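Here's data_23.txt, which has compact mmCIF, C-alpha atoms:
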```txt
# COMPACT_ATOMS: atom_id res chain seq x y z
CA MET A 101 114.66 28.51 49.88
CA ASN A 102 117.41 26.53 48.24
CA LEU A 103 119.96 25.73 50.96
CA LYS A 104 122.76 23.20 50.72
CA PRO A 105 121.92 19.86 52.39
CA GLU A 106 124.76 20.33 54.88
CA THR A 107 123.31 23.70 55.93
CA ILE A 108 119.89 22.14 56.48
CA GLU A 109 121.56 19.40 58.54
CA LYS A 110 123.36 22.01 60.70
CA ILE A 111 120.09 23.91 61.20
CA ASP A 112 118.22 20.73 62.13
CA LYS A 113 120.87 19.95 64.77
CA LEU A 114 121.11 23.52 66.03
CA VAL A 115 117.49 24.50 66.66
CA PRO A 116 116.67 21.78 69.25
CA ARG A 117 119.65 22.89 71.35
CA TYR A 118 117.80 26.09 72.30
CA PRO A 119 115.06 25.82 74.94
CA THR A 120 113.59 29.06 73.56
CA VAL A 121 113.38 28.69 69.78
CA ARG A 122 113.75 32.43 69.25
CA SER A 123 117.28 32.17 70.63
CA ALA A 124 118.29 30.19 67.54
CA ALA A 125 117.47 33.12 65.25
CA LEU A 126 120.94 34.72 65.21
CA PRO A 127 122.82 31.45 64.66
CA LEU A 128 120.39 30.57 61.84
CA CYS A 129 121.00 33.95 60.24
CA HIS A 130 124.73 33.22 60.26
CA LEU A 131 124.26 29.75 58.78
CA VAL A 132 121.95 30.95 56.01
CA GLN A 133 124.22 33.90 55.21
CA GLU A 134 127.21 31.55 55.07
CA ASP A 135 125.28 29.35 52.62
CA GLN A 136 123.75 32.11 50.46
CA GLY A 137 126.27 34.93 50.84
CA TYR A 138 123.69 37.34 52.27
CA LEU A 139 120.20 37.36 53.78
CA SER A 140 117.55 38.07 51.17
CA GLN A 141 113.95 38.86 52.04
CA GLU A 142 113.14 35.25 51.13
CA ALA A 143 115.85 34.01 53.50
CA MET A 144 114.59 36.12 56.40
CA GLU A 145 111.03 34.90 55.82
CA TRP A 146 112.29 31.29 55.64
CA ILE A 147 114.17 31.64 58.95
CA ALA A 148 111.09 33.17 60.58
CA GLU A 149 108.87 30.35 59.32
CA ARG A 150 111.41 27.70 60.39
CA LEU A 151 111.38 29.11 63.93
CA GLY A 152 107.68 29.91 64.10
CA LEU A 153 108.34 33.65 64.34
CA GLN A 154 107.14 36.68 62.45
CA PRO A 155 109.45 37.95 59.68
CA ILE A 156 109.85 41.27 61.54
CA ASN A 157 111.57 39.35 64.37
CA ILE A 158 114.30 38.26 61.95
CA ILE A 159 114.47 41.60 60.13
CA GLU A 160 115.12 43.31 63.51
CA ILE A 161 118.11 41.04 64.09
CA VAL A 162 119.49 41.38 60.57
CA THR A 163 119.28 45.17 60.58
CA PHE A 164 120.80 45.43 64.07
CA TYR A 165 123.98 43.41 63.54
CA PRO A 166 126.44 44.90 61.03
CA MET A 167 127.96 41.51 60.19
CA LEU A 168 124.65 40.39 58.68
CA ARG A 169 124.14 41.53 55.10
CA THR A 170 120.96 42.06 53.10
CA GLU A 171 122.77 42.51 49.79
CA PRO A 172 125.30 40.29 48.04
CA THR A 173 128.94 41.22 48.43
CA GLY A 174 131.43 41.52 45.63
CA GLU A 175 133.70 38.73 44.54
CA TYR A 176 136.15 40.10 47.12
CA HIS A 177 134.82 41.28 50.49
CA VAL A 178 137.39 43.74 51.85
CA ARG A 179 137.00 44.78 55.49
CA VAL A 180 139.29 47.38 57.02
CA CYS A 181 139.52 47.61 60.82
CA ARG A 182 138.83 51.13 62.06
CA THR A 183 139.22 50.72 65.81
CA LEU A 184 141.68 53.03 67.58
CA PRO A 185 144.94 51.04 67.25
CA CYS A 186 144.37 50.46 63.53
CA ALA A 187 143.13 54.02 63.01
CA LEU A 188 146.30 55.37 64.64
CA ALA A 189 148.36 53.05 62.43
CA GLY A 190 146.74 54.52 59.29
CA ALA A 191 143.58 52.50 58.63
CA TYR A 192 141.70 55.50 57.24
CA GLN A 193 144.47 56.20 54.73
CA THR A 194 144.51 52.49 53.83
CA CYS A 195 140.78 52.59 53.22
CA LYS A 196 141.12 55.75 51.10
CA SER A 197 143.66 53.89 48.97
CA PHE A 198 141.20 51.03 48.46
CA GLU A 199 138.43 53.52 47.61
CA LYS A 200 140.62 55.18 44.99
CA GLU A 201 141.77 51.89 43.46
CA PHE A 202 138.30 50.30 43.35
CA GLY A 203 136.43 53.45 42.42
CA CYS A 204 133.86 52.91 45.16
CA LYS A 205 133.24 54.35 48.58
CA VAL A 206 133.39 52.40 51.81
CA GLY A 207 130.10 50.64 52.47
CA HIS A 208 129.53 49.94 48.79
CA THR A 209 130.30 47.45 46.04
CA SER A 210 132.28 48.42 42.95
CA GLU A 211 130.29 48.88 39.74
CA ASP A 212 131.80 45.73 38.24
CA GLY A 213 130.69 43.73 41.32
CA LYS A 214 134.27 42.69 41.99
CA VAL A 215 134.73 44.27 45.45
CA THR A 216 132.69 45.24 48.49
CA LEU A 217 134.60 47.61 50.78
CA GLU A 218 133.63 48.03 54.44
CA PHE A 219 134.93 49.45 57.68
CA VAL A 220 134.57 47.03 60.59
CA GLU A 221 135.40 46.97 64.24
CA CYS A 222 138.39 45.17 65.76
CA HIS A 223 139.91 42.13 64.08
CA ALA A 224 141.80 41.44 67.36
CA ASP A 225 145.30 41.86 65.93
CA CYS A 226 145.89 45.37 67.26
CA GLY A 227 149.68 45.25 67.31
CA LYS A 228 149.86 44.67 63.56
CA GLY A 229 147.53 47.31 62.20
CA PRO A 230 146.14 48.42 59.93
CA VAL A 231 144.42 45.04 59.65
CA VAL A 232 142.45 44.14 56.54
CA MET A 233 140.38 41.03 55.95
CA VAL A 234 139.61 39.79 52.47
CA GLY A 235 136.95 37.12 52.78
CA GLU A 236 138.04 35.31 55.92
CA ASP A 237 141.78 35.82 55.36
CA GLU A 238 143.58 38.39 57.49
CA TYR A 239 146.34 40.70 56.27
CA THR A 240 148.35 42.87 58.68
CA ASP A 241 150.40 46.06 58.41
CA ILE A 242 148.48 47.16 55.30
CA ASP A 243 149.55 50.69 54.50
CA PRO A 244 148.13 52.62 51.51
CA GLU A 245 150.83 51.29 49.15
CA LYS A 246 150.16 47.67 50.12
CA ALA A 247 146.43 48.34 49.78
CA ALA A 248 146.99 49.59 46.22
CA GLU A 249 149.02 46.45 45.41
CA MET A 250 146.29 44.22 46.85
CA ALA A 251 143.63 46.13 44.88
CA THR A 252 145.55 45.74 41.61
CA LYS A 253 145.82 41.99 42.17
CA MET A 254 142.10 41.76 42.96
CA LYS A 255 141.16 43.74 39.85
CA ASN A 256 143.36 41.42 37.75
CA GLY A 257 141.99 38.26 39.39
CA GLU A 258 145.43 37.43 40.80
CA PHE A 259 144.50 37.73 44.47
CA PRO A 260 143.54 34.56 46.39
CA LYS A 261 139.77 34.32 46.90
CA GLY A 262 139.88 32.79 50.40
CA LEU A 263 136.58 31.66 51.89
```
Encoded form (structure tokens):
Amino acid sequence: MNLKPETIEKIDKLVPRYPTVRSAALPLCHLVQEDQGYLSQEAMEWIAERLGLQPINIIEIVTFYPMLRTEPTGEYHVRVCRTLPCALAGAYQTCKSFEKEFGCKVGHTSEDGKVTLEFVECHADCGKGPVVMVGEDEYTDIDPEKAAEMATKMKNGEFPKGL
């Protein structure tokens, strides 16, 4: 496993903080995903070995939590909130606009690998929906027209990449 030195340092500081080593599994998954972009089979096996667990213990966690990914995301990771306030404000129409512009369905990555489009639960900005996150940057009041504008900029490489 080829992790950045700063990630290894964070892991080395994190694990001893947990009296039950298994409790460090979820935070380690987040750290490794942050470093690698997703959790490969190799990554899950590495985490299990690092904590003295069986790989199935890590796989159970990774497949349970929707924020943990087992496949790489596109260059842009677009997440549309679908909770009730955003849904009532038009989140499903916003997502349809993204699907049309990117030529891929929600839950998938575009053929060119440029965009991964997902529905997610609350971004905690309910009064300004529909809320869309691109990477770790939040955008509010994104109607279908604004979504199309954002998509065009992403396709042309003119949209900020964020984190």
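We find atom CA of Val162 of chain A and atom CA of Arg150 of chain A to be spaced 15.9 Å apart.
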Could you check the closest approach to Ile161 of chain A for each of A:Lys110, A:His177, A:Arg117, A:His130 and tell me which residue wins, using all atoms listed in the file?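 Ranked by minimum distance to Ile161 of chain A, first place goes to A:His130.
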Quick one: distance from atom CA of Ile108 of chain A to atom CA of Phe164 of chain A in Å, one decimal?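 According to the coordinates, atom CA of Ile108 of chain A and atom CA of Phe164 of chain A are separated by 24.5 Å.
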Min atom-atom distance to Gly213 of chain A from the set A:Gln141, A:Thr194, A:Gln136, A:Thr173, counting all atoms listed in the file, belongs to A:Thr173
Would you list the residues near (141.0, 46.5, 42.4) (no more than 6 Å away, in the coordinates of the file, using only C-alpha atoms) as number ranges by chain? A: 201-202, 251-252, 254-255
Restricting the calculation to all atoms listed in the file, which member of A:Gln133, A:Ser140, A:Ile147, A:Lys246 is positioned closest to Met167 of chain A?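 Answer, going by the shortest atom-to-atom distance: A:Gln133.
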Produce a table with one row for each residue of segment 151-249 of chain A that has an atom at most 9 Å from any atom of segment 119-128 of chain A, each row naming the nearest atom pair and its distance in Å at one decimal; use only C-alpha atoms; arrange rows by chain and rising residue number; format as CSV.
```
residue,atom,partner,partner_atom,distance
A:Leu151,CA,A:Val121,CA,6.2
A:Gly152,CA,A:Val121,CA,8.1
A:Leu153,CA,A:Arg122,CA,7.4
A:Asn157,CA,A:Ala125,CA,8.6
A:Ile158,CA,A:Ala125,CA,6.9
A:Ile161,CA,A:Leu126,CA,7.0
A:Val162,CA,A:Leu126,CA,8.2
```
C-alpha atoms of the current selection, written as a compact mmCIF listing (two decimals), in the coordinates of the input:
```txt
# COMPACT_ATOMS: atom_id res chain seq x y z
CA LEU A 151 111.38 29.11 63.93
CA GLY A 152 107.68 29.91 64.10
CA LEU A 153 108.34 33.65 64.34
CA ASN A 157 111.57 39.35 64.37
CA ILE A 158 114.30 38.26 61.95
CA ILE A 161 118.11 41.04 64.09
CA VAL A 162 119.49 41.38 60.57
```
Need to verify the contact set: segment 216-225 of chain A, 9 Å, all atoms listed in the file, exclusion of same-chain residues closer than 4 positions in sequence. Can you return it as a short mmCIF file (atom, residue, chain, number, x, y, z; two decimals) with C-alpha atoms, keeping the file's coordinate frame?
```
data_model
loop_
_atom_site.label_atom_id
_atom_site.label_comp_id
_atom_site.auth_asym_id
_atom_site.auth_seq_id
_atom_site.Cartn_x
_atom_site.Cartn_y
_atom_site.Cartn_z
CA PRO A 166 126.44 44.90 61.03
CA MET A 167 127.96 41.51 60.19
CA PRO A 172 125.30 40.29 48.04
CA THR A 173 128.94 41.22 48.43
CA GLY A 174 131.43 41.52 45.63
CA GLU A 175 133.70 38.73 44.54
CA TYR A 176 136.15 40.10 47.12
CA HIS A 177 134.82 41.28 50.49
CA VAL A 178 137.39 43.74 51.85
CA ARG A 179 137.00 44.78 55.49
CA VAL A 180 139.29 47.38 57.02
CA CYS A 181 139.52 47.61 60.82
CA ARG A 182 138.83 51.13 62.06
CA THR A 183 139.22 50.72 65.81
CA LEU A 184 141.68 53.03 67.58
CA PRO A 185 144.94 51.04 67.25
CA CYS A 186 144.37 50.46 63.53
CA CYS A 195 140.78 52.59 53.22
CA PHE A 198 141.20 51.03 48.46
CA GLU A 199 138.43 53.52 47.61
CA PHE A 202 138.30 50.30 43.35
CA CYS A 204 133.86 52.91 45.16
CA LYS A 205 133.24 54.35 48.58
CA VAL A 206 133.39 52.40 51.81
CA GLY A 207 130.10 50.64 52.47
CA HIS A 208 129.53 49.94 48.79
CA THR A 209 130.30 47.45 46.04
CA SER A 210 132.28 48.42 42.95
CA GLY A 229 147.53 47.31 62.20
CA PRO A 230 146.14 48.42 59.93
CA VAL A 231 144.42 45.04 59.65
CA VAL A 232 142.45 44.14 56.54
CA MET A 233 140.38 41.03 55.95
CA GLU A 238 143.58 38.39 57.49
CA THR A 240 148.35 42.87 58.68
#
```
